[in-house]
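Structure file final_34.tsv; described as TSV, C-alpha atoms.
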```
chain	number	residue	atom	x	y	z
Y	166	MET	CA	151.17	97.01	24.92
Y	167	MET	CA	154.90	96.98	24.42
Y	168	GLY	CA	157.33	97.19	21.55
Y	169	ASN	CA	161.03	97.63	21.02
Y	170	THR	CA	162.37	101.12	20.48
Y	171	GLY	CA	165.44	100.02	18.57
Y	172	LEU	CA	167.50	102.39	20.72
Y	173	PHE	CA	171.08	101.75	21.77
Y	174	ASP	CA	173.11	103.07	24.65
Y	175	GLU	CA	176.39	104.96	24.36
Y	176	LYS	CA	178.34	101.65	24.13
Y	177	GLY	CA	176.27	100.37	21.23
Y	178	ASN	CA	174.28	97.86	23.29
Y	179	PRO	CA	170.52	97.56	22.85
Y	180	GLY	CA	168.55	99.84	25.15
Y	181	GLN	CA	166.39	98.67	28.03
Y	182	HIS	CA	163.25	100.75	27.56
Y	183	HIS	CA	159.74	99.52	26.85
Y	184	VAL	CA	157.45	101.58	24.67
Y	185	HIS	CA	153.80	101.53	25.68
Y	186	TYR	CA	151.05	102.31	23.22
Y	187	GLN	CA	147.43	103.31	23.51
Y	188	ILE	CA	144.67	102.93	20.94
Y	189	LYS	CA	142.48	105.96	20.28
Y	190	ASP	CA	139.22	106.35	18.39
Y	191	PRO	CA	138.75	109.23	15.92
Y	192	ALA	CA	137.40	111.44	18.73
Y	193	GLY	CA	140.62	111.00	20.71
Y	194	ASN	CA	139.25	108.68	23.43
Y	195	VAL	CA	141.57	105.94	24.68
Y	196	LEU	CA	140.14	102.50	23.98
Y	197	ASP	CA	140.55	99.23	25.86
Y	198	PRO	CA	142.31	96.64	23.66
Y	199	GLY	CA	140.20	93.99	25.41
Y	200	ALA	CA	137.26	95.32	23.43
Y	201	PHE	CA	138.92	94.01	20.28
Y	202	ALA	CA	139.29	90.48	21.68
Y	203	ASP	CA	136.77	88.93	19.29
Y	204	ALA	CA	138.59	90.34	16.30
Y	205	LEU	CA	142.08	89.40	17.40
Y	206	GLY	CA	141.87	85.61	17.28
Y	207	PRO	CA	144.58	83.54	19.02
Y	208	PHE	CA	146.84	85.00	21.69
Y	209	ASP	CA	149.64	85.83	19.26
Y	210	PRO	CA	151.53	88.95	18.27
Y	211	ILE	CA	149.69	90.63	15.40
Y	212	PRO	CA	150.77	93.75	13.50
Y	213	ALA	CA	148.58	96.58	14.73
Y	214	PRO	CA	147.52	97.90	11.30
Y	215	ALA	CA	146.17	94.44	10.39
Y	216	TYR	CA	143.05	94.87	12.46
Y	217	ILE	CA	142.94	98.44	13.76
Y	218	PRO	CA	142.97	100.55	10.58
Y	219	GLY	CA	142.58	104.25	11.14
Y	220	TYR	CA	143.43	104.18	14.85
Y	221	GLN	CA	146.30	106.18	16.22
Y	222	ARG	CA	149.20	104.78	18.23
Y	223	TYR	CA	151.33	107.11	20.24
Y	224	LEU	CA	154.14	106.79	22.74
Y	225	GLN	CA	153.03	106.96	26.34
Y	226	ASN	CA	156.35	106.44	28.06
Y	227	ALA	CA	159.69	104.84	27.34
Y	228	ASP	CA	161.16	101.94	29.28
Y	229	MET	CA	163.45	99.66	27.34
Y	230	VAL	CA	163.55	96.26	25.69
Y	231	PRO	CA	166.59	94.99	23.92
Y	232	GLY	CA	166.14	93.91	20.55
Y	233	THR	CA	164.02	94.78	17.68
Y	234	ARG	CA	163.32	97.69	15.37
Y	235	PRO	CA	160.29	100.01	15.43
Y	236	GLU	CA	158.77	98.24	12.42
Y	237	ASP	CA	158.69	95.02	14.45
Y	238	LEU	CA	156.26	96.46	16.96
Y	239	ARG	CA	153.34	94.20	17.72
Y	240	VAL	CA	150.14	94.51	19.69
Y	241	LEU	CA	149.25	91.56	21.90
Y	242	ARG	CA	145.78	90.40	22.62
Y	243	ARG	CA	144.66	91.02	26.18
Y	244	MET	CA	142.05	89.29	28.25
Y	245	PRO	CA	138.56	89.82	26.82
Y	246	ALA	CA	136.73	92.73	28.37
Y	247	GLY	CA	133.94	90.50	29.64
Y	248	LYS	CA	136.39	88.60	31.85
Y	249	SER	CA	138.49	91.52	33.01
Y	250	GLY	CA	135.51	93.36	34.52
Y	251	ARG	CA	131.72	93.29	34.28
Y	252	SER	CA	129.98	96.34	32.91
Y	253	PHE	CA	126.45	94.87	33.17
Y	254	ILE	CA	124.35	94.01	36.19
Y	255	PRO	CA	124.70	90.38	37.33
Y	256	GLU	CA	122.01	88.02	36.12
Y	257	LEU	CA	120.07	86.27	38.90
Y	258	LEU	CA	118.84	83.55	36.51
Y	259	PRO	CA	121.84	82.69	34.29
Y	260	GLU	CA	120.09	79.61	32.90
Y	261	ALA	CA	117.42	81.76	31.23
Y	262	GLY	CA	119.34	81.87	27.94
Y	263	THR	CA	119.93	84.91	25.76
Y	264	LEU	CA	117.14	86.97	27.37
Y	265	HIS	CA	118.08	88.49	30.73
Y	266	PRO	CA	114.99	88.31	32.99
Y	267	THR	CA	116.60	90.44	35.72
Y	268	SER	CA	116.88	93.37	33.33
Y	269	MET	CA	113.30	92.81	32.14
Y	270	LEU	CA	112.08	92.80	35.74
Y	271	ILE	CA	113.85	96.07	36.50
Y	272	GLY	CA	112.36	97.62	33.36
Y	273	ALA	CA	108.85	96.47	34.33
Y	274	VAL	CA	109.24	97.94	37.82
Y	275	LEU	CA	110.47	101.21	36.32
Y	276	ALA	CA	107.50	101.37	33.92
Y	277	LEU	CA	105.03	100.75	36.75
Y	278	GLY	CA	106.77	103.36	38.88
Y	279	LEU	CA	106.52	105.99	36.15
Y	280	VAL	CA	102.83	105.27	35.61
Y	281	TYR	CA	102.17	105.38	39.37
Y	282	ALA	CA	104.03	108.69	39.76
Y	283	SER	CA	102.10	110.19	36.86
Y	284	ALA	CA	98.75	109.03	38.29
Y	285	LYS	CA	99.65	110.33	41.75
Y	286	GLY	CA	100.60	113.72	40.34
Y	287	ARG	CA	97.33	113.90	38.40
Y	288	SER	CA	95.28	113.09	41.50
Y	289	ARG	CA	97.21	115.69	43.51
Y	290	GLU	CA	96.43	118.37	40.94
Y	291	GLN	CA	92.75	117.38	40.97
Y	292	SER	CA	92.63	117.64	44.76
Y	293	HIS	CA	93.91	121.22	44.53
Y	294	GLY	CA	91.33	122.15	41.92
Y	295	ILE	CA	93.80	122.34	39.04
Y	296	GLU	CA	92.43	121.46	35.63
Y	297	VAL	CA	93.97	118.23	34.26
Y	298	GLU	CA	93.88	116.49	30.90
Y	299	PRO	CA	91.00	114.12	30.09
Y	300	TYR	CA	91.27	110.65	31.56
Y	301	VAL	CA	91.37	108.96	28.14
Y	302	PHE	CA	94.32	111.11	27.09
Y	303	PHE	CA	96.09	110.44	30.39
Y	304	LEU	CA	95.52	106.68	30.05
Y	305	GLY	CA	96.82	106.62	26.47
Y	306	LYS	CA	99.90	108.63	27.44
Y	307	SER	CA	100.63	106.26	30.34
Y	308	VAL	CA	100.23	103.18	28.15
Y	309	LEU	CA	102.56	104.60	25.49
Y	310	LEU	CA	105.15	105.52	28.13
Y	311	ALA	CA	105.03	102.04	29.70
Y	312	CYS	CA	105.27	100.33	26.30
Y	313	ALA	CA	108.24	102.48	25.28
Y	314	VAL	CA	110.09	101.66	28.52
Y	315	LEU	CA	109.32	97.94	28.22
Y	316	TYR	CA	110.39	97.80	24.57
Y	317	PHE	CA	113.66	99.61	25.32
Y	318	THR	CA	114.26	97.24	28.23
Y	319	TYR	CA	113.56	94.24	26.00
Y	320	LEU	CA	116.15	95.41	23.48
Y	321	ILE	CA	118.74	95.73	26.24
Y	322	ALA	CA	117.77	92.43	27.92
Y	323	SER	CA	118.02	90.53	24.63
Y	324	HIS	CA	121.58	91.80	24.14
Y	325	ARG	CA	123.79	91.60	27.24
Y	326	GLY	CA	121.58	92.92	29.99
Y	327	LEU	CA	121.24	96.24	31.74
Y	328	PRO	CA	124.49	98.28	31.79
Y	329	ASN	CA	125.74	99.48	35.16
Y	330	VAL	CA	126.17	102.99	33.76
Y	331	LEU	CA	122.48	103.14	32.82
Y	332	VAL	CA	121.49	102.05	36.33
Y	333	ILE	CA	123.69	104.75	37.88
Y	334	MET	CA	122.32	107.39	35.50
Y	335	THR	CA	118.70	106.43	36.21
Y	336	ALA	CA	119.30	106.57	39.96
Y	337	LEU	CA	120.92	110.01	39.69
Y	338	ILE	CA	118.10	111.35	37.51
Y	339	ALA	CA	115.49	110.16	40.00
Y	340	LEU	CA	117.45	111.50	42.99
Y	341	TYR	CA	118.18	114.96	41.62
Y	342	GLY	CA	114.76	115.25	40.01
Y	343	PHE	CA	113.24	114.74	43.45
Y	344	VAL	CA	115.70	117.07	45.19
Y	345	THR	CA	115.24	119.94	42.74
Y	346	ARG	CA	111.45	119.74	42.62
Y	347	ARG	CA	110.34	118.42	46.01
Y	348	THR	CA	112.81	119.72	48.61
Y	349	VAL	CA	113.50	123.11	50.18
Y	350	ILE	CA	117.16	123.15	49.22
Y	351	GLY	CA	116.25	122.41	45.61
Y	352	ARG	CA	113.90	125.38	45.41
Y	353	GLN	CA	116.53	127.53	47.11
Y	354	VAL	CA	119.05	126.60	44.41
Y	355	TYR	CA	116.60	127.79	41.76
Y	356	ALA	CA	116.03	131.01	43.74
Y	357	VAL	CA	119.75	131.74	44.03
Y	358	GLY	CA	120.25	130.98	40.35
Y	359	GLY	CA	117.46	133.34	39.35
Y	360	ASN	CA	118.39	136.28	41.60
Y	361	ALA	CA	121.05	135.83	44.27
Y	362	LYS	CA	120.46	139.24	45.90
Y	363	ALA	CA	116.71	138.72	46.22
Y	364	ALA	CA	117.28	135.23	47.58
Y	365	LYS	CA	119.67	136.57	50.23
Y	366	LEU	CA	117.20	139.27	51.26
Y	367	SER	CA	114.51	136.60	51.64
Y	368	GLY	CA	116.60	134.78	54.24
Y	369	ILE	CA	118.45	132.17	52.16
Y	370	LYS	CA	122.08	131.65	53.16
Y	371	THR	CA	123.41	132.10	49.63
Y	372	GLU	CA	127.12	131.68	50.47
Y	373	ARG	CA	126.61	128.34	52.17
Y	374	LEU	CA	124.25	127.16	49.45
Y	375	THR	CA	126.73	128.12	46.73
Y	376	PHE	CA	129.48	126.24	48.55
Y	377	LEU	CA	127.34	123.13	48.93
Y	378	THR	CA	126.35	123.30	45.27
Y	379	PHE	CA	129.98	123.35	44.18
Y	380	VAL	CA	130.77	120.47	46.56
Y	381	ASN	CA	127.95	118.50	44.97
Y	382	MET	CA	129.33	119.31	41.52
Y	383	GLY	CA	132.74	118.00	42.58
Y	384	VAL	CA	131.23	114.75	43.84
Y	385	LEU	CA	129.40	114.23	40.55
Y	386	ALA	CA	132.58	115.02	38.60
Y	387	ALA	CA	134.45	112.41	40.64
Y	388	LEU	CA	131.72	109.85	39.96
Y	389	ALA	CA	131.86	110.66	36.25
Y	390	GLY	CA	135.63	110.19	36.32
Y	391	LEU	CA	135.26	106.76	37.94
Y	392	VAL	CA	132.69	105.67	35.34
Y	393	PHE	CA	134.79	107.01	32.47
Y	394	ALA	CA	137.96	105.31	33.71
Y	395	ALA	CA	136.10	102.03	34.22
Y	396	ARG	CA	134.64	102.23	30.71
Y	397	LEU	CA	138.05	102.75	29.09
Y	398	ASN	CA	139.80	100.37	31.51
Y	399	THR	CA	142.51	102.97	31.95
Y	400	ALA	CA	143.08	106.27	33.74
Y	401	THR	CA	145.02	109.16	32.28
Y	402	PRO	CA	145.39	112.77	33.47
Y	403	LYS	CA	143.85	114.08	30.23
Y	404	ALA	CA	140.77	111.84	30.36
Y	405	GLY	CA	137.64	113.92	29.90
Y	406	LEU	CA	139.52	116.92	28.55
Y	407	GLY	CA	137.14	119.10	26.56
Y	408	PHE	CA	133.96	117.58	27.99
Y	409	GLU	CA	133.06	120.97	29.44
Y	410	LEU	CA	131.83	122.19	26.05
Y	411	ASP	CA	129.57	119.15	25.67
Y	412	VAL	CA	128.14	119.59	29.18
Y	413	ILE	CA	127.39	123.29	28.75
Y	414	ALA	CA	125.81	122.68	25.35
Y	415	ALA	CA	123.71	119.81	26.78
Y	416	CYS	CA	122.38	122.06	29.55
Y	417	PHE	CA	121.41	124.87	27.17
Y	418	ILE	CA	119.83	122.47	24.69
Y	419	GLY	CA	117.90	120.90	27.59
Y	420	GLY	CA	116.30	124.20	28.61
Y	421	ALA	CA	118.72	125.78	31.09
Y	422	SER	CA	119.14	129.54	30.84
Y	423	ALA	CA	122.21	131.74	30.94
Y	424	TYR	CA	120.22	133.96	33.30
Y	425	GLY	CA	119.67	131.10	35.77
Y	426	GLY	CA	116.64	129.95	37.70
Y	427	VAL	CA	115.14	127.62	35.05
Y	428	GLY	CA	115.76	124.17	33.66
Y	429	ARG	CA	115.16	120.59	34.75
Y	430	VAL	CA	117.26	117.49	35.22
Y	431	GLY	CA	115.33	115.62	32.53
Y	432	GLY	CA	115.96	118.39	30.03
Y	433	ALA	CA	119.71	118.27	30.69
Y	434	VAL	CA	119.66	114.50	30.13
Y	435	VAL	CA	117.87	114.94	26.79
Y	436	GLY	CA	120.46	117.56	25.81
Y	437	ALA	CA	123.28	115.17	26.75
Y	438	MET	CA	121.72	112.44	24.59
Y	439	ILE	CA	121.51	114.85	21.65
Y	440	MET	CA	125.17	115.80	22.08
Y	441	GLY	CA	126.13	112.11	22.34
Y	442	VAL	CA	124.29	111.23	19.13
Y	443	MET	CA	125.92	114.18	17.40
Y	444	ASN	CA	129.40	113.18	18.59
Y	445	ASN	CA	128.94	109.57	17.48
Y	446	GLY	CA	127.54	110.65	14.13
Y	447	MET	CA	130.45	112.99	13.42
Y	448	SER	CA	132.95	110.28	14.42
Y	449	ILE	CA	131.28	107.72	12.14
Y	450	LEU	CA	131.35	110.23	9.27
Y	451	GLY	CA	135.06	110.72	9.84
Y	452	ILE	CA	134.88	114.42	10.65
Y	453	GLY	CA	138.11	115.72	12.15
Y	454	ILE	CA	138.26	116.50	15.85
Y	455	ASP	CA	138.95	120.19	15.15
Y	456	TYR	CA	135.86	120.51	12.98
Y	457	GLN	CA	133.84	118.63	15.60
Y	458	GLN	CA	134.75	121.25	18.18
Y	459	VAL	CA	133.71	124.01	15.77
Y	460	ILE	CA	130.34	122.35	15.08
Y	461	LYS	CA	129.64	121.81	18.78
Y	462	GLY	CA	130.61	125.41	19.48
Y	463	LEU	CA	128.14	126.60	16.84
Y	464	VAL	CA	125.41	124.44	18.41
Y	465	LEU	CA	126.14	125.97	21.81
Y	466	LEU	CA	126.15	129.48	20.32
Y	467	GLY	CA	122.79	128.84	18.67
Y	468	ALA	CA	121.27	127.57	21.93
Y	469	VAL	CA	122.52	130.63	23.83
Y	470	CYS	CA	121.18	132.99	21.16
Y	471	ILE	CA	117.74	131.35	21.37
Y	472	ASP	CA	117.82	131.64	25.17
Y	473	VAL	CA	118.76	135.34	25.05
Y	474	TYR	CA	116.03	136.00	22.47
Y	475	ASN	CA	113.42	134.28	24.63
Y	476	GLN	CA	114.48	136.25	27.71
Y	477	ARG	CA	114.19	139.57	25.92
Y	478	ARG	CA	110.76	138.89	24.38
```

Translate this file's structure into structure tokens.
Amino acid sequence: MMGNTGLFDEKGNPGQHHVHYQIKDPAGNVLDPGAFADALGPFDPIPAPAYIPGYQRYLQNADMVPGTRPEDLRVLRRMPAGKSGRSFIPELLPEAGTLHPTSMLIGAVLALGLVYASAKGRSREQSHGIEVEPYVFFLGKSVLLACAVLYFTYLIASHRGLPNVLVIMTALIALYGFVTRRTVIGRQVYAVGGNAKAAKLSGIKTERLTFLTFVNMGVLAALAGLVFAARLNTATPKAGLGFELDVIAACFIGGASAYGGVGRVGGAVVGAMIMGVMNNGMSILGIGIDYQQVIKGLVLLGAVCIDVYNQRR
């Protein structure tokens, strides 16, 4: 978005610099103006405060445009977000109407897969002589799980379909859940996290495993950066600044320990959802970004204190 700076050169002629603006939400995240397409109306210059009350505009760089004064700055409507890039999976049956059957089909397959995995795990435990819950209880739990997944999928399918981000997240949860629980390298990571010296004495190459773990973390950080930039439709060097506190708090809330060796992928995801709900709630309530950081720091401190107390019991 551009506006005139009202600057003049040393000869008194209007300057030749453009001023670019970005729109931020109360949490400081840069927003895509295409998301406001429905509220903007015709493709005409509109004063920014007319439809974006409470949002901050700041100078990103200065290039020049002869002419007007700062009070004449306008924000132009951009192409709607739905046309500039899809953020939902493509629909195989577009003539189906408002309900997206492709998303419903994926949800049904996911529900069946969860029930099958649960039944297979129960039968495996029975074959090893491990006591399992009664069959009626297991059946009721499976039915409730399948109904919850199908209802959640129906809500998404009746809106705009399954988001790409949710598909990526589900795939990563399934992949890393399998790696951490069913593979040798996953168990070795837990062993190194619990006691690196004991793991090395048992024959695990701790240096190589630590290196590979950090490489994996870098790959996931790069993927998160791609998703975040695609969501905002922009890329800035400060994007994601301060997310480290949210990630650490999500891990501790989800069951990870400061002493290492415990925790699951699913628990970290639940912790991330709790942090996301808390962030959105504080933004809706209009709590300042400084106070939000304090509150999240207190949540993290409380989770660490509980973990230390449990370890010392």

Nearby residues (only C-alpha atoms) at most 9 Å from stretch 459-472 of chain Y, same-chain spacing under 4 positions excluded, as a ChimeraX atom specification: /Y:410-411,413-415,417-418,420-424,440,443-444,454-455,476-477

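Between atom CA of Y:Leu337 and atom CA of Y:Ala394 lies a distance of 18.7 Å.
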
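Reported to one decimal place, the separation of atom CA of Y:Ile452 from atom CA of Y:Leu320 is 29.6 Å.
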
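Relative to atom CA of Y:Phe302, atom CA of Y:Ser283 is found at 12.5 Å.
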
Proximity to Y:Gly342 - best of Y:Pro259, Y:Gly441, Y:Gly451, Y:Gly431, all atoms listed in the file: Y:Gly431

Counting only C-alpha atoms, the residue of Y:Ala311, Y:Gly383, Y:Ala363, Y:Gly305 that sits nearest Y:Val274: Y:Ala311

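Compared by their closest atoms to Y:Leu279, and using all atoms listed in the file, the residues Y:Tyr474, Y:Leu377, Y:Thr263, Y:Leu315 rank with Y:Leu315 nearest.
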
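Within the 12 Å cut-off around stretch 356-362 of chain Y, using all atoms listed in the file and omitting residues fewer than 5 positions from it on the same chain, the listed residues are Thr345, Val349, Ile350, Gly351, Ser367, Gly368, Ile369, Lys370, Thr371, Glu372, Arg373, Leu374, Thr375, Thr378, Ala421, Ser422, Ala423, Tyr424, Gly425, Gly426, Val427 and Gly428 of chain Y.
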